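Source file: run_13.txt; contents: compact mmCIF, C-alpha atoms and all ligand atoms.
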```
# COMPACT_ATOMS: atom_id res chain seq x y z
CA MET U 3 2.02 24.64 7.17
CA LYS U 4 5.39 23.11 8.07
CA ASN U 5 8.40 23.45 5.79
CA PHE U 6 8.89 20.53 3.41
CA ASN U 7 10.94 19.15 0.52
CA TYR U 8 9.09 17.08 -2.04
CA LYS U 9 10.61 15.19 -4.93
CA ASN U 10 8.98 12.35 -6.81
CA PRO U 11 11.09 11.15 -9.74
CA THR U 12 8.76 8.41 -11.07
CA GLU U 13 7.33 8.87 -14.55
CA ILE U 14 3.75 7.65 -14.83
CA ILE U 15 2.59 6.18 -18.13
CA PHE U 16 -1.16 6.00 -17.72
CA GLY U 17 -3.96 4.71 -19.89
CA GLU U 18 -5.62 1.83 -21.66
CA GLY U 19 -3.32 -0.21 -23.89
CA ARG U 20 -0.09 1.42 -22.63
CA ILE U 21 1.48 -1.87 -21.47
CA LYS U 22 2.68 -2.72 -24.95
CA GLU U 23 4.99 0.34 -24.79
CA VAL U 24 7.14 -1.29 -22.13
CA GLY U 25 9.89 -2.64 -24.39
CA GLU U 26 10.33 0.59 -26.31
CA ARG U 27 10.42 2.65 -23.13
CA LEU U 28 12.89 0.33 -21.41
CA LYS U 29 15.31 0.40 -24.32
CA PRO U 30 17.22 3.56 -23.32
CA HIS U 31 17.65 2.21 -19.77
CA ALA U 32 18.39 -1.53 -19.89
CA LYS U 33 19.60 -4.35 -22.11
CA LYS U 34 18.77 -7.21 -19.75
CA VAL U 35 16.12 -7.20 -17.00
CA LEU U 36 14.89 -9.45 -14.25
CA LEU U 37 11.17 -9.89 -15.02
CA THR U 38 9.43 -10.40 -11.68
CA TYR U 39 5.82 -11.42 -11.09
CA GLY U 40 3.47 -13.29 -8.78
CA ARG U 41 1.80 -16.60 -9.35
CA GLU U 42 -0.79 -16.88 -12.12
CA SER U 43 -2.85 -13.70 -12.60
CA ILE U 44 -0.66 -12.10 -15.28
CA LYS U 45 -0.70 -15.28 -17.33
CA LYS U 46 -4.49 -15.57 -17.06
CA ASN U 47 -5.30 -11.98 -18.03
CA GLY U 48 -2.85 -11.73 -20.93
CA VAL U 49 -0.49 -9.19 -19.36
CA TYR U 50 2.44 -11.64 -19.41
CA ASP U 51 2.10 -12.26 -23.17
CA THR U 52 1.87 -8.54 -23.97
CA VAL U 53 4.94 -7.72 -21.87
CA VAL U 54 7.07 -10.56 -23.24
CA GLU U 55 6.12 -9.71 -26.81
CA SER U 56 7.06 -6.06 -26.30
CA LEU U 57 10.41 -6.97 -24.69
CA ARG U 58 11.28 -9.34 -27.52
CA ALA U 59 10.24 -6.85 -30.20
CA ASN U 60 12.66 -4.36 -28.70
CA GLY U 61 15.54 -6.77 -28.20
CA ILE U 62 15.48 -6.64 -24.43
CA GLU U 63 16.81 -9.80 -22.81
CA PHE U 64 14.97 -11.02 -19.74
CA VAL U 65 15.29 -13.59 -16.99
CA GLU U 66 12.12 -14.55 -15.12
CA PHE U 67 11.66 -14.64 -11.36
CA SER U 68 8.10 -15.57 -10.38
CA GLY U 69 6.17 -16.90 -7.41
CA ILE U 70 6.10 -13.68 -5.40
CA ARG U 71 3.35 -14.17 -2.84
CA PRO U 72 0.99 -11.62 -1.27
CA ASN U 73 2.67 -10.34 1.95
CA PRO U 74 6.04 -11.30 0.46
CA TYR U 75 8.83 -13.03 2.35
CA LEU U 76 12.40 -11.92 2.92
CA SER U 77 13.84 -15.32 1.97
CA HIS U 78 12.20 -15.15 -1.48
CA ALA U 79 13.55 -11.64 -2.08
CA LYS U 80 17.05 -12.92 -1.25
CA LEU U 81 16.66 -15.62 -3.91
CA GLY U 82 15.65 -12.97 -6.42
CA ALA U 83 18.65 -10.81 -5.51
CA ASP U 84 20.98 -13.80 -5.95
CA LEU U 85 19.50 -14.48 -9.39
CA ALA U 86 19.76 -10.82 -10.43
CA ARG U 87 23.44 -10.81 -9.41
CA LYS U 88 24.21 -14.15 -11.08
CA GLU U 89 22.54 -13.10 -14.34
CA GLY U 90 24.09 -9.63 -14.35
CA VAL U 91 20.82 -7.85 -15.14
CA ASP U 92 20.80 -4.04 -15.41
CA ALA U 93 17.34 -3.54 -13.96
CA VAL U 94 14.23 -5.13 -12.45
CA LEU U 95 10.89 -5.03 -14.27
CA ALA U 96 8.11 -5.78 -11.77
CA VAL U 97 4.69 -6.79 -13.10
CA GLY U 98 2.01 -7.15 -10.44
CA GLY U 99 0.44 -5.68 -7.33
CA GLY U 100 2.05 -4.09 -4.30
CA SER U 101 3.62 -7.36 -3.16
CA VAL U 102 5.43 -7.90 -6.46
CA LEU U 103 6.54 -4.28 -6.63
CA ASP U 104 7.76 -4.27 -3.02
CA GLU U 105 9.72 -7.49 -3.27
CA SER U 106 11.19 -6.34 -6.59
CA LYS U 107 12.50 -3.15 -4.97
CA ALA U 108 14.13 -5.27 -2.28
CA ILE U 109 15.63 -7.51 -4.97
CA ALA U 110 16.99 -4.44 -6.76
CA LEU U 111 18.71 -3.34 -3.55
CA GLY U 112 19.86 -6.81 -2.57
CA ALA U 113 21.51 -7.32 -5.96
CA CYS U 114 23.88 -4.44 -5.15
CA TYR U 115 24.91 -5.55 -1.65
CA ASP U 116 26.49 -8.49 0.16
CA CYS U 117 25.04 -7.57 3.56
CA ASP U 118 21.89 -9.10 5.04
CA LEU U 119 18.96 -7.54 3.17
CA TRP U 120 17.00 -7.33 6.43
CA ASP U 121 19.53 -4.80 7.77
CA PHE U 122 17.84 -2.20 5.56
CA PHE U 123 14.41 -3.05 6.96
CA SER U 124 15.51 -3.08 10.59
CA GLY U 125 17.32 0.23 10.16
CA LYS U 126 20.81 -1.23 10.78
CA ALA U 127 22.03 -0.10 7.37
CA SER U 128 20.94 2.46 4.80
CA PRO U 129 21.24 1.67 1.08
CA GLN U 130 23.14 4.08 -1.14
CA LYS U 131 22.49 2.42 -4.49
CA SER U 132 20.06 0.10 -6.26
CA LEU U 133 19.41 -1.48 -9.61
CA LYS U 134 16.85 0.56 -11.52
CA VAL U 135 13.24 -0.49 -10.93
CA PHE U 136 10.47 -0.32 -13.55
CA THR U 137 6.90 -1.39 -12.85
CA ILE U 138 3.67 -2.43 -14.51
CA LEU U 139 0.96 -2.15 -11.87
CA THR U 140 -1.89 -4.67 -11.79
CA VAL U 141 -3.48 -3.88 -8.38
CA PRO U 142 -4.19 -0.24 -7.54
CA ALA U 143 -3.80 -0.05 -3.76
CA THR U 144 -0.40 0.45 -2.17
CA GLY U 145 1.09 3.41 -4.05
CA SER U 146 4.30 1.38 -4.44
CA GLU U 147 4.27 2.34 -8.15
CA MET U 148 5.11 5.94 -7.22
CA ASN U 149 7.00 5.75 -3.96
CA GLY U 150 10.30 4.39 -2.72
CA GLY U 151 8.69 2.15 -0.10
CA MET U 152 8.66 -1.61 0.27
CA VAL U 153 7.28 -4.01 2.89
CA LEU U 154 8.58 -7.53 3.57
CA THR U 155 7.92 -10.16 6.21
CA ASN U 156 10.86 -11.82 7.93
CA GLU U 157 9.32 -15.26 8.29
CA ASP U 158 11.74 -16.26 11.09
CA THR U 159 10.51 -13.54 13.43
CA LEU U 160 7.16 -12.59 11.79
CA ASP U 161 8.29 -8.97 11.74
CA LYS U 162 6.59 -7.26 8.80
CA PHE U 163 8.59 -4.07 8.31
CA GLY U 164 8.57 -1.44 5.64
CA PHE U 165 11.08 1.21 4.75
CA ALA U 166 11.60 3.68 1.94
CA SER U 167 14.67 4.66 -0.02
CA PRO U 168 15.18 7.45 -2.56
CA PHE U 169 16.97 4.84 -4.73
CA THR U 170 13.95 2.56 -5.17
CA TYR U 171 11.44 4.92 -6.70
CA PRO U 172 10.49 3.27 -9.99
CA VAL U 173 12.01 5.05 -12.99
CA PHE U 174 8.64 4.63 -14.67
CA SER U 175 5.41 2.85 -13.86
CA ILE U 176 2.84 1.82 -16.42
CA LEU U 177 -0.72 2.14 -15.12
CA ASP U 178 -3.16 0.54 -17.53
CA PRO U 179 -6.64 0.41 -15.99
CA SER U 180 -7.85 -2.31 -18.38
CA VAL U 181 -5.49 -4.74 -16.62
CA THR U 182 -7.46 -4.25 -13.40
CA LEU U 183 -10.74 -5.47 -14.97
CA SER U 184 -9.72 -8.98 -13.93
CA LEU U 185 -9.27 -7.96 -10.31
CA PRO U 186 -12.23 -9.47 -8.40
CA VAL U 187 -14.51 -7.10 -6.48
CA SER U 188 -13.56 -8.90 -3.27
CA TYR U 189 -9.99 -7.66 -3.79
CA VAL U 190 -11.16 -4.21 -4.93
CA ALA U 191 -12.74 -3.96 -1.46
CA CYS U 192 -9.39 -4.67 0.24
CA ALA U 193 -7.64 -2.20 -2.04
CA ALA U 194 -10.26 0.47 -1.30
CA VAL U 195 -9.75 0.08 2.45
CA ASP U 196 -5.98 0.35 2.01
CA ILE U 197 -6.34 3.51 -0.09
CA PHE U 198 -8.79 4.99 2.44
CA THR U 199 -6.33 4.35 5.25
CA HIS U 200 -3.36 5.77 3.31
CA ALA U 201 -5.25 9.01 2.77
CA THR U 202 -6.44 9.30 6.36
CA GLU U 203 -3.49 8.22 8.54
CA ALA U 204 -1.77 11.63 8.44
CA TYR U 205 -5.08 13.50 8.09
CA PHE U 206 -6.02 12.21 11.53
CA VAL U 207 -2.75 12.42 13.45
CA LYS U 208 -0.62 15.09 11.75
CA GLU U 209 1.28 17.65 13.78
CA ASP U 210 0.21 20.64 11.69
CA THR U 211 -3.54 21.12 11.50
CA ALA U 212 -3.30 24.36 9.50
CA SER U 213 -2.28 22.62 6.25
CA PHE U 214 -5.81 22.87 4.92
CA VAL U 215 -4.77 22.51 1.29
CA ILE U 216 -3.82 18.94 2.23
CA ASP U 217 -7.09 18.43 4.14
CA ARG U 218 -9.12 19.43 1.09
CA ALA U 219 -6.93 17.28 -1.20
CA VAL U 220 -7.38 14.26 1.10
CA GLU U 221 -11.12 14.77 1.22
CA GLY U 222 -11.22 14.97 -2.60
CA VAL U 223 -9.22 11.75 -2.88
CA LEU U 224 -11.56 10.04 -0.40
CA LYS U 225 -14.70 11.17 -2.24
CA SER U 226 -13.25 9.99 -5.54
CA LEU U 227 -12.34 6.69 -3.91
CA ILE U 228 -15.87 6.12 -2.60
CA GLU U 229 -17.42 7.13 -5.94
CA SER U 230 -15.15 4.95 -8.08
CA THR U 231 -15.38 1.96 -5.73
CA ASP U 232 -19.17 2.10 -5.67
CA LYS U 233 -19.22 2.28 -9.48
CA ILE U 234 -16.90 -0.73 -9.78
CA LEU U 235 -19.11 -2.73 -7.42
CA GLN U 236 -22.16 -1.87 -9.54
CA ASN U 237 -20.37 -2.65 -12.80
CA PRO U 238 -16.94 -4.32 -12.53
CA GLN U 239 -16.36 -3.68 -16.26
CA ASP U 240 -16.72 0.12 -15.91
CA ILE U 241 -13.32 1.15 -17.29
CA ASP U 242 -13.66 4.82 -16.31
CA ALA U 243 -14.37 3.81 -12.73
CA ARG U 244 -11.34 1.48 -12.82
CA ALA U 245 -9.19 4.30 -14.21
CA ASN U 246 -10.31 6.78 -11.55
CA PHE U 247 -9.78 4.16 -8.85
CA MET U 248 -6.28 3.45 -10.14
CA TRP U 249 -5.11 7.06 -10.10
CA THR U 250 -6.80 7.68 -6.74
CA ALA U 251 -4.70 4.87 -5.26
CA THR U 252 -1.49 6.44 -6.53
CA LEU U 253 -2.38 9.92 -5.28
CA ALA U 254 -3.15 8.57 -1.82
CA TRP U 255 0.36 7.28 -1.14
CA ASN U 256 2.85 9.04 -3.41
CA GLY U 257 3.83 11.50 -0.69
CA SER U 258 1.96 14.49 -2.09
CA LEU U 259 -0.65 14.32 0.68
CA HIS U 260 2.06 14.59 3.33
CA CYS U 261 3.54 17.91 2.21
CA GLY U 262 3.49 20.48 4.99
CA VAL U 263 1.79 18.27 7.58
CA GLY U 264 4.87 18.00 9.83
CA ILE U 265 5.37 14.89 11.93
CA TYR U 266 2.82 12.14 11.40
CA GLY U 267 2.56 8.44 12.06
CA VAL U 268 0.73 5.49 10.49
CA PRO U 269 -0.89 3.91 13.56
CA ASN U 270 -3.31 1.66 11.68
CA HIS U 271 -0.53 0.29 9.49
CA VAL U 272 1.57 -0.30 12.60
CA ILE U 273 -1.19 -2.44 14.12
CA GLU U 274 -2.12 -4.13 10.84
CA HIS U 275 1.24 -5.36 9.62
CA PRO U 276 1.57 -8.11 12.25
CA ILE U 277 -2.01 -9.21 11.46
CA SER U 278 -1.32 -9.89 7.78
CA ALA U 279 2.07 -11.37 8.72
CA ILE U 280 0.58 -13.89 11.17
CA TYR U 281 -2.82 -14.68 9.67
CA ASP U 282 -1.78 -14.15 6.02
CA ILE U 283 -4.85 -12.11 5.09
CA ALA U 284 -4.88 -9.24 2.60
CA HIS U 285 -3.36 -6.06 4.02
CA GLY U 286 -6.59 -4.15 3.23
CA ALA U 287 -8.69 -6.74 5.07
CA GLY U 288 -6.43 -6.30 8.09
CA LEU U 289 -6.91 -2.53 7.93
CA ALA U 290 -10.71 -2.94 7.77
CA ILE U 291 -10.48 -4.83 11.05
CA VAL U 292 -8.19 -2.24 12.69
CA LEU U 293 -9.39 1.19 11.57
CA PRO U 294 -12.91 1.26 13.12
CA ALA U 295 -11.50 -0.13 16.39
CA TRP U 296 -8.62 2.38 16.41
CA MET U 297 -11.11 5.22 15.82
CA LYS U 298 -13.14 4.04 18.79
CA VAL U 299 -10.17 3.82 21.17
CA PHE U 300 -8.71 7.17 20.04
CA GLU U 301 -12.03 9.02 19.71
CA GLU U 302 -11.19 11.57 22.42
CA LYS U 303 -7.65 12.29 21.22
CA TYR U 304 -8.49 12.82 17.54
CA ARG U 305 -12.17 13.80 17.91
CA SER U 306 -12.01 17.01 15.93
CA ARG U 307 -10.24 15.29 13.02
CA PHE U 308 -12.79 12.45 12.97
CA ALA U 309 -15.52 15.09 12.97
CA PHE U 310 -13.90 16.74 9.92
CA LEU U 311 -13.95 13.42 8.09
CA ALA U 312 -17.58 12.86 9.05
CA ARG U 313 -18.74 16.24 7.82
CA ASN U 314 -16.54 16.72 4.76
CA VAL U 315 -16.50 13.18 3.37
CA PHE U 316 -19.60 11.40 4.69
CA GLY U 317 -21.83 14.50 4.73
CA VAL U 318 -22.69 14.23 8.43
CA ASP U 319 -24.73 17.28 9.46
CA GLU U 320 -23.90 17.61 13.16
CA ILE U 321 -22.28 20.56 14.96
CA ASP U 322 -21.21 18.66 18.10
CA ASP U 323 -17.76 17.13 17.44
CA HIS U 324 -18.34 14.06 19.61
CA LYS U 325 -21.61 13.16 17.88
CA ALA U 326 -20.16 13.95 14.45
CA ALA U 327 -17.12 11.72 15.10
CA GLN U 328 -19.38 8.85 16.17
CA LYS U 329 -21.62 9.23 13.12
CA GLY U 330 -18.55 9.38 10.86
CA ARG U 331 -17.26 6.13 12.31
CA GLU U 332 -20.67 4.53 11.80
CA SER U 333 -20.70 5.72 8.17
CA LEU U 334 -17.24 4.26 7.64
CA ILE U 335 -18.25 0.88 9.08
CA LYS U 336 -21.39 0.90 6.93
CA TRP U 337 -19.30 1.59 3.81
CA PHE U 338 -16.77 -1.13 4.64
CA LYS U 339 -19.66 -3.57 5.14
CA THR U 340 -21.17 -2.58 1.76
CA LEU U 341 -17.82 -3.49 0.21
CA GLY U 342 -17.84 -6.83 1.99
CA ALA U 343 -14.70 -5.98 3.99
CA PRO U 344 -14.43 -7.59 7.45
CA VAL U 345 -14.79 -5.05 10.26
CA SER U 346 -13.68 -7.42 13.03
CA PHE U 347 -11.38 -10.43 13.47
CA ALA U 348 -14.49 -12.61 13.77
CA GLU U 349 -15.82 -11.39 10.41
CA ALA U 350 -12.47 -12.33 8.87
CA GLY U 351 -12.81 -15.82 10.38
CA ILE U 352 -9.99 -15.23 12.88
CA PHE U 353 -10.90 -16.52 16.33
CA ASP U 354 -7.48 -17.19 17.89
CA VAL U 355 -6.43 -13.56 18.30
CA ASP U 356 -3.12 -13.43 20.18
CA VAL U 357 -3.35 -9.88 21.55
CA GLU U 358 -0.06 -10.11 23.45
CA LYS U 359 1.96 -11.26 20.45
CA LEU U 360 0.28 -8.92 17.94
CA SER U 361 0.77 -5.90 20.18
CA SER U 362 4.39 -6.77 20.82
CA LEU U 363 5.08 -7.16 17.07
CA ALA U 364 3.25 -3.87 16.45
CA MET U 365 5.57 -2.13 18.92
CA GLY U 366 8.45 -3.42 16.77
CA VAL U 367 6.86 -1.99 13.62
CA MET U 368 6.30 1.35 15.36
CA GLY U 369 9.92 1.37 16.54
CA SER U 370 11.13 0.76 12.99
CA LYS U 371 9.15 3.80 11.82
CA GLY U 372 10.41 6.00 14.65
CA VAL U 373 7.13 7.81 15.43
CA ALA U 374 5.70 6.60 18.74
CA LEU U 375 2.02 7.48 18.75
CA MET U 376 0.71 4.65 20.93
CA THR U 377 1.59 2.61 23.99
CA GLN U 378 1.42 -1.18 23.91
CA ASP U 379 -1.62 -1.01 26.20
CA GLU U 380 -3.42 1.24 23.73
CA ILE U 381 -2.60 -1.16 20.89
CA LYS U 382 -4.00 -4.02 23.00
CA LYS U 383 -7.20 -2.05 23.54
CA VAL U 384 -7.60 -1.57 19.78
CA LEU U 385 -7.07 -5.30 19.17
CA GLU U 386 -9.56 -6.20 21.88
CA VAL U 387 -12.23 -3.90 20.41
CA ALA U 388 -11.55 -5.48 16.99
CA ILE U 389 -12.13 -9.06 18.17
CA LYS U 390 -15.87 -9.07 17.45
O1 LIG U 401 -0.05 -13.88 -7.36
P1 LIG U 401 -1.01 -13.54 -8.46
O2 LIG U 401 -1.51 -14.75 -9.16
O3 LIG U 401 -0.44 -12.52 -9.41
O4 LIG U 401 -2.32 -12.91 -7.78
C1 LIG U 401 -2.35 -11.64 -7.14
C2 LIG U 401 -2.45 -11.77 -5.61
O5 LIG U 401 -3.05 -12.99 -5.25
C3 LIG U 401 -3.65 -10.97 -7.50
N1 LIG U 401 -3.63 -10.08 -8.67
C4 LIG U 401 -2.70 -9.15 -8.97
N2 LIG U 401 -3.09 -8.46 -10.05
C5 LIG U 401 -4.26 -9.00 -10.47
C6 LIG U 401 -4.60 -10.04 -9.60
N3 LIG U 401 -5.72 -10.80 -9.78
C7 LIG U 401 -6.50 -10.50 -10.83
N4 LIG U 401 -6.25 -9.48 -11.69
C8 LIG U 401 -5.15 -8.71 -11.54
N5 LIG U 401 -4.94 -7.67 -12.36
O6 LIG U 401 -3.92 -10.11 -6.37
C9 LIG U 401 -3.44 -10.72 -5.18
C10 LIG U 401 -2.91 -9.69 -4.22
O7 LIG U 401 -1.79 -9.02 -4.72
P2 LIG U 401 -0.88 -8.08 -3.78
O8 LIG U 401 0.24 -7.61 -4.64
O9 LIG U 401 -0.54 -8.75 -2.52
O10 LIG U 401 -1.87 -6.86 -3.44
P3 LIG U 401 -1.60 -5.39 -2.95
O11 LIG U 401 -1.34 -4.51 -4.10
O12 LIG U 401 -2.73 -5.05 -2.07
O13 LIG U 401 -0.23 -5.44 -2.09
C11 LIG U 401 -0.22 -5.72 -0.70
C12 LIG U 401 1.18 -5.68 -0.14
O14 LIG U 401 1.75 -4.33 -0.21
C13 LIG U 401 2.15 -3.91 1.10
C14 LIG U 401 1.21 -4.69 1.99
O15 LIG U 401 1.65 -4.73 3.33
C15 LIG U 401 1.20 -6.05 1.34
O16 LIG U 401 2.35 -6.79 1.68
N6 LIG U 401 2.13 -2.45 1.19
C16 LIG U 401 3.05 -1.73 0.51
C17 LIG U 401 3.13 -0.35 0.58
C18 LIG U 401 4.14 0.45 -0.15
N7 LIG U 401 5.06 -0.16 -0.86
O17 LIG U 401 4.15 1.69 -0.08
C19 LIG U 401 2.23 0.43 1.45
C20 LIG U 401 1.04 -0.34 1.89
O18 LIG U 401 0.50 0.26 3.03
C21 LIG U 401 1.26 -1.79 2.16
O19 LIG U 401 1.77 -2.02 3.45
ZN ZN U 402 -1.45 0.23 3.25
```
Would you mind writing the structure in this file as structure tokens?
Ligand code: NZQ
Ligand code: ZN
Amino acid sequence: MKNFNYKNPTEIIFGEGRIKEVGERLKPHAKKVLLTYGRESIKKNGVYDTVVESLRANGIEFVEFSGIRPNPYLSHAKLGADLARKEGVDAVLAVGGGSVLDESKAIALGACYDCDLWDFFSGKASPQKSLKVFTILTVPATGSEMNGGMVLTNEDTLDKFGFASPFTYPVFSILDPSVTLSLPVSYVACAAVDIFTHATEAYFVKEDTASFVIDRAVEGVLKSLIESTDKILQNPQDIDARANFMWTATLAWNGSLHCGVGIYGVPNHVIEHPISAIYDIAHGAGLAIVLPAWMKVFEEKYRSRFAFLARNVFGVDEIDDHKAAQKGRESLIKWFKTLGAPVSFAEAGIFDVDVEKLSSLAMGVMGSKGVALMTQDEIKKVLEVAIK
């Protein structure tokens, strides 16, 4: 194993009915918050009413900033930061999925700075402070509830970049699985693909292959993911399955599965981000298109790791690594199809695939992350395999 430092300061408040605690728990931290959310889901499923009631009962003032879209835009985050500054809020309370949480983190940073917010995403500047961020998660997928990361799209350039700061870890995140009962199974599928990819990116490409404690942890997370997803598809009201799914999502991307693995990259995220930026599809749908194609193009390079996945997660009984890797990939595609996730651009209804532009934007994403695992030609090959 490689040496590592690991610190995760976020408190998790997990369980059915916990949302109503938000006001009481915020009280020691903030008098006035910016309450951020998306479009309509939290008003439809009752989360908005519960949150507002709890804030009022505890005397916490709030200003609303809504309309955060999936694959959020830089310009909208700037508006939120302006409002936070103008209103003099002490903190941001984000209620929603990964997009709401991510944009809210950017707002919390932007409220403390006069510089161009994008400078943090492009690596030109590094933030040293932020407003405090608190979250109520409504889509288990991105891990944003327990990491310092955020992803925004600069709509002028279509660059969809992410970066992480130690200052934007949520102080606490409330994870109430009953809130996710309203999440349609079509979106559970996208979330499941995202979680699968979070757990496997480093598992496949990591520098240190002797960190087997992490391998076994990843495989456990993946098995739990498959089990809970299948149960949700059979019965969307299965609250235990929703709860297991929710915690699985957090474990997959809160940094704990990267301890000791040394240098690693996120090649599938690098290729996907331009896809959801340009075609405005769910991030998980984009990953379903990319991952099987990436595994095909990189079969030789990461064969032994794909064979591990095949044997230890999909139960493939095959001693030859090449055959095992192929069967693992087939099992993955079969599972994605069972979920209803698109495994090609064509299945996602995208027929105007601009390979040149997507690959060039992906090179920009890879540059922003600083780990160069692929050439532009290799990225093009992945995109071409993914076309149909
Ligand atoms: O806008 P509303 O009406 O709220 O609807 C949302 C949205 O349409 C809806 N929704 C949210 N909670 C719901 C619900 N519908 C019914 N019931 C509920 N309980 O779900 C839709 C999608 O929401 P979104 O927040 O976009 O989903 P997700 O959590 O998948 O977030 C995706 C974003 O996170 C980024 C992605 O790139 C993408 O922009 N990522 C962030 C990461 C991070 N911070 O670490 C890592 C990831 O790899 C990812 O890149
Ligand atoms: Zn992701």
Using CA of Leu183 in chain U and CA of Gly48 in chain U as the two end points, give the distance in Å to one decimal.
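The value is 11.7 Å.
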Hey, could you pull the box centre and edge lengths for ligand LIG 401 (chain U), axis-aligned, 5 Å padding per side, all listed atoms, to one decimal in Å, as AutoDock Vina command-line options?
```
--center_x -0.7 --center_y -6.5 --center_z -4.5 --size_x 21.6 --size_y 26.4 --size_z 25.8
```
Sel. within 7 Å of pt (-11.0, 5.4, 6.3), counting all atoms listed in the file, output as a PyMOL selection string:
chain U and resi 195+198-199+202+293+334
Between CA of Pro72 in chain U and atom O19 of ligand LIG 401 (chain U), what distance in Å does the model show, to one decimal?
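Interatomic distance here is 10.7 Å.
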Pairwise distance for CA of Val367 in chain U and atom N3 of ligand LIG 401 (chain U), rounded to one decimal in Å
28.0 Å
Extract, using all atoms listed in the file, all DNA, RNA and protein residues at most 7 Å from Leu37 in chain U, discarding same-chain residues fewer than 3 positions from it, and format them as an MDAnalysis selection string.
chainID U and resid 64:67 94:96
Contact residues around range 14-24 of chain U with all atoms listed in the file at 7 Å, ignoring same-chain residues under 2 positions, as number ranges by chain:
U: 12, 26-28, 52-53, 56, 174-180
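Proximity to Glu63 in chain U was assessed for U:Leu36, U:Ala86, U:Val263, U:Val292 counting all atoms listed in the file; the smallest distance is recorded for U:Leu36.
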Sel. within 12 Å of pt (15.1, -19.7, 9.5), counting all atoms listed in the file, output as a PDB file with C-alpha atoms, in the coordinates of the input:
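Writing done, so here's selection_20.pdb:
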```
ATOM      1  CA  TYR U  75       8.830 -13.030   2.350  1.00  0.00           C
ATOM      2  CA  LEU U  76      12.400 -11.920   2.920  1.00  0.00           C
ATOM      3  CA  SER U  77      13.840 -15.320   1.970  1.00  0.00           C
ATOM      4  CA  ASN U 156      10.860 -11.820   7.930  1.00  0.00           C
ATOM      5  CA  GLU U 157       9.320 -15.260   8.290  1.00  0.00           C
ATOM      6  CA  ASP U 158      11.740 -16.260  11.090  1.00  0.00           C
ATOM      7  CA  THR U 159      10.510 -13.540  13.430  1.00  0.00           C
ATOM      8  CA  LEU U 160       7.160 -12.590  11.790  1.00  0.00           C
TER       9      LEU U 160
END
```
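Shortest atom-to-atom contact with Leu259 in chain U among U:Ile216, U:Ala309, U:Val153, U:Ala326: U:Ile216, counting all atoms listed in the file.
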Return as a PyMOL selection string every polymer residue, whether protein, DNA or RNA, with at least one atom no more than 7 Å from an atom of ligand ZN 402 (chain U); count all atoms listed in the file.
chain U and resi 144+196-197+199-200+271+285-286
List all protein, DNA and RNA residues that have any atom at most 6 Å from ligand LIG 401 (chain U), counting all atoms listed in the file, and write the list as a ChimeraX atom specification.
/U:40-44,71-74,98-102,104,140-141,143-146,151-153,181-182,184-185,193,285
So, with all atoms listed in the file as the atoms that count, which of U:Ala374, U:Ile273, U:Ala312, U:Ala279 lies closest to Gln328 in chain U?
U:Ala312
Could you model N, CA and C atoms for range 268-278 of chain U and present them as a CSV table (one decimal), in the coordinates of the input?
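Result file rebuild25.csv:
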```
chain,number,residue,atom,x,y,z
U,268,VAL,N,1.7,6.3,11.2
U,268,VAL,CA,0.7,5.5,10.5
U,268,VAL,C,0.2,4.4,11.5
U,269,PRO,N,-0.5,4.8,12.5
U,269,PRO,CA,-0.9,3.9,13.6
U,269,PRO,C,-1.7,2.7,13.1
U,270,ASN,N,-2.5,2.8,12.1
U,270,ASN,CA,-3.3,1.7,11.7
U,270,ASN,C,-2.4,0.7,10.9
U,271,HIS,N,-1.5,1.2,10.2
U,271,HIS,CA,-0.5,0.3,9.5
U,271,HIS,C,0.4,-0.4,10.5
U,272,VAL,N,0.7,0.3,11.5
U,272,VAL,CA,1.6,-0.3,12.6
U,272,VAL,C,0.8,-1.5,13.2
U,273,ILE,N,-0.4,-1.3,13.5
U,273,ILE,CA,-1.2,-2.4,14.1
U,273,ILE,C,-1.5,-3.5,13.1
U,274,GLU,N,-1.7,-3.1,11.8
U,274,GLU,CA,-2.1,-4.1,10.8
U,274,GLU,C,-1.0,-5.0,10.4
U,275,HIS,N,0.2,-4.5,10.2
U,275,HIS,CA,1.2,-5.4,9.6
U,275,HIS,C,1.4,-6.7,10.3
U,276,PRO,N,1.5,-6.8,11.6
U,276,PRO,CA,1.6,-8.1,12.2
U,276,PRO,C,0.4,-9.0,12.0
U,277,ILE,N,-0.8,-8.4,11.7
U,277,ILE,CA,-2.0,-9.2,11.5
U,277,ILE,C,-1.9,-9.9,10.1
U,278,SER,N,-1.5,-9.2,9.1
U,278,SER,CA,-1.3,-9.9,7.8
U,278,SER,C,-0.1,-10.8,7.8
```
